[in-house]
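Data file: protein_36.cif. Format and content: mmCIF, C-alpha atoms.
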```cif
data_target
#
loop_
_atom_site.label_atom_id
_atom_site.label_comp_id
_atom_site.auth_asym_id
_atom_site.auth_seq_id
_atom_site.Cartn_x
_atom_site.Cartn_y
_atom_site.Cartn_z
CA MET A 296 -107.62 -82.31 86.59
CA SER A 297 -104.28 -82.66 88.33
CA ILE A 298 -102.55 -82.18 85.00
CA ILE A 299 -104.30 -78.86 84.50
CA VAL A 300 -103.31 -77.71 87.98
CA MET A 301 -99.71 -78.76 87.32
CA ILE A 302 -99.41 -77.03 83.97
CA TYR A 303 -100.95 -73.82 85.27
CA SER A 304 -98.81 -73.74 88.42
CA LEU A 305 -95.74 -74.18 86.22
CA LEU A 306 -96.98 -71.42 83.93
CA ILE A 307 -97.67 -69.01 86.78
CA ILE A 308 -94.25 -69.57 88.34
CA CYS A 309 -92.50 -69.08 85.00
CA LEU A 310 -94.64 -66.06 84.14
CA VAL A 311 -93.99 -64.29 87.43
CA ILE A 312 -90.24 -64.82 87.15
CA SER A 313 -90.32 -63.71 83.53
CA ILE A 314 -92.27 -60.51 84.21
CA ILE A 315 -90.02 -59.58 87.13
CA LYS A 316 -86.94 -60.10 85.01
CA SER A 317 -88.08 -58.36 81.85
CA LYS A 318 -91.42 -57.01 80.70
CA GLU A 319 -90.19 -56.71 77.14
CA LYS A 320 -89.23 -60.36 76.86
CA SER A 321 -92.46 -61.47 78.49
CA LYS A 322 -94.41 -59.53 75.90
CA LYS A 323 -92.41 -61.23 73.20
CA ALA A 324 -93.21 -64.62 74.70
CA PHE A 325 -96.92 -63.77 74.58
CA LYS A 326 -96.61 -62.82 70.93
CA ILE A 327 -94.81 -66.07 70.09
CA ALA A 328 -97.44 -68.08 71.96
CA MET A 329 -100.30 -66.30 70.21
CA LYS A 330 -98.77 -66.84 66.78
CA ALA A 331 -98.09 -70.54 67.42
CA LEU A 332 -101.59 -71.09 68.79
CA LEU A 333 -103.23 -69.51 65.76
CA LYS A 334 -101.00 -71.49 63.43
CA THR A 335 -101.87 -74.84 65.01
CA ALA A 336 -105.58 -74.07 65.52
CA PRO A 337 -106.78 -75.75 62.30
CA SER A 338 -104.85 -78.95 62.99
CA LEU A 339 -106.05 -78.92 66.60
CA LEU A 340 -109.63 -78.76 65.39
CA THR A 341 -108.93 -81.56 62.91
CA VAL A 342 -107.50 -83.77 65.63
CA LEU A 343 -110.56 -83.05 67.78
CA GLY A 344 -112.92 -84.05 65.00
CA ILE A 345 -111.07 -87.26 64.21
CA VAL A 346 -110.84 -88.20 67.88
CA GLY A 347 -114.59 -87.69 68.21
CA LEU A 348 -115.38 -89.75 65.14
CA THR A 349 -113.05 -92.67 65.92
CA LEU A 350 -114.05 -92.88 69.56
CA GLY A 351 -117.72 -92.59 68.67
CA ILE A 352 -117.45 -95.42 66.16
CA LEU A 353 -114.73 -97.56 67.74
CA THR A 354 -116.07 -97.84 71.28
CA PRO A 355 -114.44 -100.25 73.75
CA GLU A 356 -117.31 -102.66 73.08
CA THR A 357 -116.75 -102.54 69.33
CA ILE A 358 -113.03 -103.08 69.79
CA SER A 359 -113.49 -106.10 72.02
CA LYS A 360 -115.93 -107.48 69.46
CA LEU A 361 -113.42 -106.95 66.66
CA VAL A 362 -110.40 -108.31 68.50
CA GLY A 363 -112.53 -110.78 70.37
CA SER A 364 -111.22 -113.94 71.85
CA GLU A 365 -109.75 -115.14 68.58
CA ALA A 366 -106.16 -116.26 68.55
CA GLY A 367 -103.79 -116.22 65.58
CA TYR A 368 -101.90 -113.68 63.57
CA LEU A 369 -104.95 -112.13 61.97
CA ALA A 370 -106.28 -111.10 65.37
CA THR A 371 -102.86 -109.65 66.22
CA ILE A 372 -102.71 -107.58 63.02
CA MET A 373 -106.29 -106.44 63.60
CA ALA A 374 -105.42 -105.40 67.14
CA ALA A 375 -102.33 -103.53 65.91
CA VAL A 376 -104.33 -101.61 63.31
CA LEU A 377 -107.07 -100.76 65.80
CA GLY A 378 -104.46 -99.60 68.29
CA ALA A 379 -102.87 -97.37 65.68
CA ILE A 380 -106.16 -95.75 64.69
CA THR A 381 -107.67 -95.16 68.10
CA LEU A 382 -106.68 -92.79 70.86
CA ILE A 383 -108.00 -94.18 74.11
CA PRO A 384 -107.08 -92.86 77.54
CA SER A 385 -105.00 -95.42 79.44
CA LEU A 386 -107.62 -95.58 82.18
CA VAL A 387 -109.96 -97.13 79.60
CA ALA A 388 -107.38 -98.96 77.49
CA PHE A 389 -105.69 -101.11 80.13
CA PRO A 390 -108.86 -102.45 81.77
CA LEU A 391 -110.10 -103.22 78.24
CA ALA A 392 -106.84 -105.02 77.41
CA GLY A 393 -107.01 -106.93 80.68
CA SER A 394 -110.55 -108.11 80.04
CA LEU A 395 -109.66 -109.13 76.47
CA LEU A 396 -106.78 -111.16 77.86
CA ARG A 397 -109.06 -112.94 80.31
CA SER A 398 -111.61 -113.66 77.60
CA GLY A 399 -109.01 -115.54 75.58
CA ALA A 400 -106.99 -113.14 73.44
CA THR A 401 -103.27 -113.96 73.30
CA ILE A 402 -100.51 -111.92 74.95
CA MET A 403 -99.19 -111.13 71.48
CA THR A 404 -102.51 -109.65 70.37
CA ILE A 405 -102.91 -107.59 73.51
CA SER A 406 -99.32 -106.34 73.35
CA ALA A 407 -99.82 -105.37 69.71
CA PHE A 408 -102.92 -103.40 70.66
CA ILE A 409 -101.26 -101.59 73.55
CA THR A 410 -97.95 -100.85 71.84
CA THR A 411 -99.52 -99.45 68.68
CA LEU A 412 -102.05 -97.58 70.78
CA VAL A 413 -99.30 -95.68 72.55
CA MET A 414 -96.61 -95.57 69.84
CA VAL A 415 -98.63 -94.78 66.72
CA GLY A 416 -100.93 -91.79 66.54
CA ILE A 417 -102.90 -91.62 63.32
CA VAL A 418 -105.48 -89.44 65.01
CA THR A 419 -102.92 -86.89 66.16
CA ALA A 420 -101.01 -86.98 62.85
CA PRO A 421 -102.50 -83.74 61.45
CA MET A 422 -101.07 -81.85 64.39
CA GLU A 423 -97.76 -83.68 64.28
CA ILE A 424 -97.45 -82.83 60.58
CA GLU A 425 -98.24 -79.18 61.24
CA THR A 426 -95.65 -78.80 63.99
CA LEU A 427 -92.93 -81.29 63.01
CA GLY A 428 -93.34 -81.91 59.29
CA LYS A 429 -94.71 -84.62 57.04
CA LYS A 430 -91.52 -86.64 56.71
CA PHE A 431 -90.89 -86.71 60.46
CA THR A 432 -94.47 -87.77 61.20
CA LEU A 433 -94.55 -90.46 58.53
CA LEU A 434 -91.23 -91.93 59.61
CA ARG A 435 -91.95 -91.82 63.33
CA ASN A 436 -95.34 -93.47 63.02
CA SER A 437 -94.46 -96.11 60.45
CA LEU A 438 -91.27 -97.10 62.27
CA GLY A 439 -93.28 -97.06 65.50
CA PHE A 440 -95.82 -99.43 63.97
CA LEU A 441 -93.09 -101.84 62.86
CA ALA A 442 -91.41 -101.68 66.25
CA ALA A 443 -94.76 -102.29 67.95
CA LEU A 444 -95.26 -105.49 65.94
CA ILE A 445 -91.75 -106.69 66.83
CA ILE A 446 -92.30 -105.83 70.50
CA ALA A 447 -95.61 -107.73 70.46
CA GLY A 448 -93.87 -110.74 68.92
CA ILE A 449 -91.13 -110.73 71.54
CA MET A 450 -93.63 -110.28 74.38
CA GLY A 451 -95.74 -113.13 73.04
CA VAL A 452 -92.70 -115.41 73.07
CA ILE A 453 -91.37 -114.40 76.50
CA LEU A 454 -94.57 -114.09 78.53
CA MET B 272 -102.69 -69.40 52.45
CA THR B 273 -106.32 -68.42 52.46
CA THR B 274 -108.44 -69.03 55.52
CA VAL B 275 -110.66 -71.55 53.75
CA LYS B 276 -107.68 -73.59 52.64
CA LYS B 277 -106.26 -73.54 56.14
CA PHE B 278 -109.48 -74.84 57.59
CA LYS B 279 -110.04 -77.38 54.81
CA MET B 280 -109.78 -80.41 57.09
CA PRO B 281 -112.00 -79.10 59.91
CA ILE B 282 -114.62 -78.17 57.30
CA ILE B 283 -114.49 -81.66 55.74
CA ILE B 284 -114.88 -83.21 59.18
CA GLY B 285 -117.80 -80.88 59.85
CA PHE B 286 -119.52 -82.28 56.75
CA VAL B 287 -118.82 -85.83 57.90
CA PHE B 288 -120.52 -84.99 61.18
CA VAL B 289 -123.57 -83.52 59.42
CA PHE B 290 -123.79 -86.62 57.25
CA LEU B 291 -123.43 -88.86 60.30
CA PHE B 292 -126.26 -87.05 62.07
CA PHE B 293 -128.66 -88.13 59.32
CA TYR B 294 -127.16 -91.55 58.73
CA ASP B 295 -126.52 -92.75 62.28
CA PRO B 296 -127.74 -90.23 64.88
CA SER B 297 -126.75 -92.23 67.97
CA THR B 298 -123.10 -92.55 66.85
CA ALA B 299 -123.09 -88.88 65.89
CA VAL B 300 -124.32 -87.89 69.33
CA LYS B 301 -121.69 -90.09 70.96
CA SER B 302 -118.96 -88.65 68.73
CA SER B 303 -120.01 -85.09 69.47
CA GLY B 304 -119.97 -85.85 73.18
CA VAL B 305 -116.42 -87.21 72.97
CA MET B 306 -115.36 -84.25 70.89
CA TRP B 307 -116.84 -81.77 73.33
CA ASN B 308 -115.00 -83.43 76.24
CA TYR B 309 -111.68 -83.31 74.40
CA PHE B 310 -112.39 -79.75 73.28
CA LYS B 311 -112.85 -78.61 76.87
CA GLU B 312 -109.57 -80.28 77.83
CA MET B 313 -107.71 -78.75 74.90
CA ALA B 314 -109.20 -75.30 75.38
CA ILE B 315 -107.96 -75.25 78.96
CA ILE B 316 -104.54 -76.82 78.43
CA MET B 317 -103.35 -75.46 75.10
CA PRO B 318 -103.10 -71.71 75.88
CA ALA B 319 -100.95 -72.51 78.93
CA VAL B 320 -98.77 -74.89 76.94
CA PHE B 321 -98.18 -72.36 74.18
CA LEU B 322 -97.35 -69.67 76.73
CA ILE B 323 -94.82 -71.92 78.48
CA MET B 324 -93.38 -72.63 75.06
CA GLY B 325 -93.17 -68.92 74.27
CA LEU B 326 -91.43 -68.23 77.58
CA MET B 327 -89.00 -71.06 76.90
CA GLU B 328 -88.23 -69.67 73.47
CA VAL B 329 -87.49 -66.25 74.94
CA TRP B 330 -85.53 -67.27 78.03
CA VAL B 331 -83.75 -70.58 77.47
CA SER B 332 -80.65 -70.11 75.40
CA LYS B 333 -79.81 -72.23 72.39
CA ASP B 334 -76.48 -73.27 73.92
CA LYS B 335 -78.14 -74.81 76.96
CA ILE B 336 -80.57 -76.92 74.94
CA GLN B 337 -77.80 -77.90 72.58
CA MET B 338 -75.62 -78.93 75.49
CA TRP B 339 -78.31 -80.97 77.26
CA LEU B 340 -80.25 -82.35 74.31
CA GLY B 341 -78.12 -81.70 71.22
CA SER B 342 -76.45 -84.23 68.98
CA GLY B 343 -73.39 -84.40 71.22
CA SER B 344 -75.37 -85.07 74.40
CA GLY B 345 -75.06 -88.86 74.10
CA ILE B 346 -76.44 -91.14 76.78
CA ARG B 347 -77.10 -88.22 79.10
CA GLY B 348 -79.27 -86.58 76.43
CA ILE B 349 -81.28 -89.77 75.98
CA ALA B 350 -81.69 -90.13 79.75
CA ILE B 351 -82.93 -86.54 80.05
CA SER B 352 -85.36 -87.06 77.16
CA LEU B 353 -86.71 -90.24 78.75
CA PHE B 354 -87.08 -88.51 82.11
CA LEU B 355 -88.87 -85.47 80.65
CA GLY B 356 -91.14 -87.72 78.61
CA THR B 357 -92.23 -89.94 81.50
CA LEU B 358 -93.21 -87.00 83.73
CA PRO B 359 -96.97 -86.80 84.26
CA THR B 360 -97.60 -83.89 81.93
CA GLY B 361 -100.68 -84.50 79.85
CA PRO B 362 -101.81 -85.70 76.44
CA LEU B 363 -99.51 -86.21 73.47
CA TYR B 364 -100.74 -83.26 71.45
CA VAL B 365 -99.21 -81.03 74.09
CA ALA B 366 -95.80 -82.51 73.28
CA PHE B 367 -95.75 -81.69 69.56
CA PRO B 368 -95.35 -77.90 69.80
CA MET B 369 -92.86 -78.39 72.67
CA THR B 370 -90.82 -80.78 70.56
CA ALA B 371 -90.87 -78.32 67.67
CA SER B 372 -89.44 -75.52 69.79
CA LEU B 373 -86.83 -77.82 71.36
CA LEU B 374 -85.74 -78.89 67.87
CA LYS B 375 -85.54 -75.26 66.85
CA LYS B 376 -83.28 -74.67 69.84
CA GLY B 377 -80.90 -77.40 68.74
CA ALA B 378 -82.11 -80.63 70.32
CA SER B 379 -81.22 -83.72 68.30
CA ILE B 380 -83.79 -85.74 66.39
CA THR B 381 -82.80 -88.92 68.27
CA ASN B 382 -83.50 -87.29 71.62
CA MET B 383 -86.77 -85.81 70.46
CA VAL B 384 -88.01 -89.17 69.16
CA VAL B 385 -87.20 -90.68 72.56
CA PHE B 386 -88.92 -87.72 74.24
CA LEU B 387 -92.11 -88.00 72.16
CA GLY B 388 -92.12 -91.78 72.38
CA SER B 389 -91.74 -91.95 76.13
CA TRP B 390 -94.30 -89.16 76.47
CA ALA B 391 -96.79 -91.32 74.58
CA ALA B 392 -95.81 -94.81 75.70
CA LEU B 393 -93.96 -94.68 79.02
CA LYS B 394 -95.73 -92.08 81.17
CA ILE B 395 -95.56 -92.81 84.88
CA PRO B 396 -99.31 -92.53 85.66
CA GLN B 397 -100.03 -94.71 82.64
CA LEU B 398 -97.52 -97.32 83.86
CA MET B 399 -99.30 -97.44 87.21
CA VAL B 400 -102.58 -98.30 85.52
CA GLU B 401 -100.77 -100.83 83.34
CA ILE B 402 -99.19 -102.61 86.31
CA LYS B 403 -102.54 -102.76 88.02
CA PHE B 404 -104.40 -104.33 85.11
CA MET B 405 -101.69 -106.19 83.18
CA GLY B 406 -99.21 -107.16 85.88
CA LEU B 407 -95.69 -106.03 86.65
CA SER B 408 -93.88 -108.38 84.28
CA PHE B 409 -95.98 -107.23 81.32
CA ALA B 410 -95.44 -103.55 82.11
CA ALA B 411 -91.72 -103.95 82.83
CA LEU B 412 -91.04 -105.93 79.67
CA ARG B 413 -92.99 -103.46 77.54
CA PHE B 414 -91.13 -100.55 79.12
CA VAL B 415 -87.70 -102.02 78.40
CA LEU B 416 -88.54 -103.10 74.84
CA THR B 417 -90.25 -99.81 73.99
CA PHE B 418 -87.35 -97.75 75.30
CA PHE B 419 -84.87 -99.87 73.33
CA PHE B 420 -86.84 -99.53 70.09
CA LEU B 421 -87.38 -95.79 70.61
CA ILE B 422 -83.62 -95.30 70.64
CA ILE B 423 -83.27 -97.35 67.46
CA ILE B 424 -86.06 -95.39 65.74
CA GLY B 425 -84.48 -92.14 66.92
CA VAL B 426 -81.04 -93.03 65.59
CA LEU B 427 -82.56 -94.23 62.30
CA MET B 428 -84.58 -91.04 61.87
CA ASP B 429 -81.61 -88.88 62.72
CA PHE B 430 -79.74 -90.70 59.99
CA ILE B 431 -82.54 -90.51 57.40
CA LEU B 432 -83.68 -86.90 57.90
CA GLU B 433 -81.02 -84.58 56.68
CA GLU B 434 -79.62 -82.19 59.22
CA ASN B 435 -81.29 -79.20 57.65
CA TYR B 436 -84.71 -80.73 57.23
CA MET B 437 -86.01 -79.77 60.65
CA LYS B 438 -84.59 -76.27 60.53
CA GLU B 439 -86.11 -75.58 57.12
CA LYS B 440 -89.46 -76.99 58.13
CA ILE B 441 -89.62 -75.13 61.41
CA ASN B 442 -88.33 -71.77 60.26
CA LYS B 443 -90.57 -71.56 57.23
#
```
Could you spell out this file's structure in structure tokens?
Amino acid sequence: MSIIVMIYSLLIICLVISIIKSKEKSKKAFKIAMKALLKTAPSLLTVLGIVGLTLGILTPETISKLVGSEAGYLATIMAAVLGAITLIPSLVAFPLAGSLLRSGATIMTISAFITTLVMVGIVTAPMEIETLGKKFTLLRNSLGFLAALIIAGIMGVIL
Amino acid sequence: MTTVKKFKMPIIIGFVFVFLFFYDPSTAVKSSGVMWNYFKEMAIIMPAVFLIMGLMEVWVSKDKIQMWLGSGSGIRGIAISLFLGTLPTGPLYVAFPMTASLLKKGASITNMVVFLGSWAALKIPQLMVEIKFMGLSFAALRFVLTFFFLIIIGVLMDFILEENYMKEKINK
């Protein structure tokens, strides 16, 4: 809610200044916005659908069942893959991670889940590809996945 | 591109949903509920985001962006990208079109990777929740490591993607 208020206050301030300064340029901004919105609409819808499907199937309960209280590298890899696929709001993800930790999952597994969750976005990839290109998206997400595994390893050793 | 081709993916997903409704109705209902919630959020946020983007494209000059976030911006550019990314601004899909227009205006790939990465991984409200549930040492260590690796990924990607790649992709 607060995010919506923030974005719209920013928009209103910018819009008022823009219209006072130049009506022509403001019109142009509207046109650019309209064009960009129409162009990204299909990928937006795709992202929506995938988010719905993954969150419907991979509920917090399912995830905790899959990651479980098992230790070992397999659990860590599993957690990393699940983190990469899903898109969970942090208000759900961190309590889930905390409860997994208490039920016996290792720091490494939990770190892998959280880091891939935030660094890799398979669900949002269609939109990233549409706006930033295939190569950029592929590189950013695969390098992010690798980095997430390394980060999880380091965190497991230190903490 | 024809309309059908453009909406190929949404149509496929639509079929998956129809299939799911027969195969596993309770999951389908749950999925639709999630989708509806995200749709409401997107429908409210996206028009504003695209308008802000449009205004930025019209008013902010290329030189300014290049100076603050371009390839010569160095540590200051990375610091600005990190700062902008951590601001409490909303979901990641909002950041993609913004990143695209910043790149078009001359921001460097390294900075934009740091921007996107900190937007997704290092947001301030998210860190608060993390500290509460995972502890300060966990959150602090993850922050430092993530930031470090984002810079490495950014430099690597800047090196791998040819200079013209982004311009070609975005201007097409």
Please identify every residue of chain B that has at least one atom no farther than 7 Å from an atom of chain A, counting only C-alpha atoms, and for each give the shortest atom pair and the distance in Å to one decimal, arranged by chain then increasing number, as a tab-separated table.
```
residue	atom	partner	partner_atom	distance
B:Lys277	CA	A:Pro337	CA	6.6
B:Phe278	CA	A:Pro337	CA	5.5
B:Met280	CA	A:Thr341	CA	6.0
B:Pro281	CA	A:Thr341	CA	4.9
B:Ile284	CA	A:Gly344	CA	6.2
B:Thr298	CA	A:Gly351	CA	5.7
B:Lys301	CA	A:Gly351	CA	5.2
B:Ser302	CA	A:Gly351	CA	4.1
B:Ser303	CA	A:Gly347	CA	6.1
B:Val305	CA	A:Gly347	CA	5.1
B:Met306	CA	A:Gly347	CA	4.4
B:Tyr309	CA	A:Leu343	CA	6.7
B:Phe310	CA	A:Leu343	CA	6.7
B:Ile316	CA	A:Ile299	CA	6.4
B:Ala319	CA	A:Tyr303	CA	6.5
B:Phe321	CA	A:Ala328	CA	4.9
B:Leu322	CA	A:Ala328	CA	5.0
B:Ile323	CA	A:Leu306	CA	5.9
B:Met324	CA	A:Ala328	CA	6.8
B:Gly325	CA	A:Ala324	CA	4.3
B:Leu326	CA	A:Ala324	CA	4.9
B:Val329	CA	A:Ala324	CA	6.0
B:Thr360	CA	A:Ile298	CA	6.1
B:Gly361	CA	A:Ile298	CA	5.9
B:Tyr364	CA	A:Thr419	CA	6.8
B:Phe367	CA	A:Glu423	CA	6.0
B:Pro368	CA	A:Thr426	CA	5.9
B:Ala371	CA	A:Leu427	CA	5.9
B:Gly388	CA	A:Met414	CA	6.4
B:Ala391	CA	A:Val413	CA	5.4
B:Ala392	CA	A:Val413	CA	4.8
B:Gln397	CA	A:Ser385	CA	6.0
B:Val400	CA	A:Leu386	CA	6.6
B:Glu401	CA	A:Phe389	CA	5.9
B:Phe404	CA	A:Gly393	CA	5.8
B:Met405	CA	A:Gly393	CA	5.9
B:Leu416	CA	A:Ile446	CA	6.4
B:Phe420	CA	A:Ala442	CA	6.3
B:Ile424	CA	A:Leu438	CA	6.5
B:Lys440	CA	A:Gly428	CA	6.4
```
Practice problem: Could you please determine the separation between atom CA of B:Leu427 and atom CA of B:Ser352 in Å, to one decimal place? | Solution: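 These atoms are spaced 16.7 Å apart.
Every protein or nucleic acid residue with an atom no more than 7 Å from A:Phe408, counting only C-alpha atoms and leaving out same-chain residues fewer than 5 positions away, appears here: A:Ala374, A:Ala375, A:Leu377, A:Gly378.
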Quiz item: Mind pulling up the distance from atom CA of B:Thr370 to atom CA of B:Ile283?
Solution: 27.9 Å
Exercise. Tell me which residues the PyMOL selection byres ((chain A and resi 400) around 10) grabs here, as a PyMOL selection string.
Key: chain A and resi 359+362-367+370-371+392-399+401-405
Quiz item: Between atom CA of B:Leu393 and atom CA of B:Met327, what is the spacing in Å?
Solution: 24.2 Å
Quiz item: B:Phe286, B:Phe292, B:Trp330, B:Phe418: which is nearest A:Ile314, counting all atoms listed in the file?
Solution: B:Trp330
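Of the residues under consideration (A:Gly451, A:Ile312, A:Thr381, A:Leu333), A:Thr381 shows the shortest atom-to-atom contact distance to A:Thr357 when counting all atoms listed in the file.
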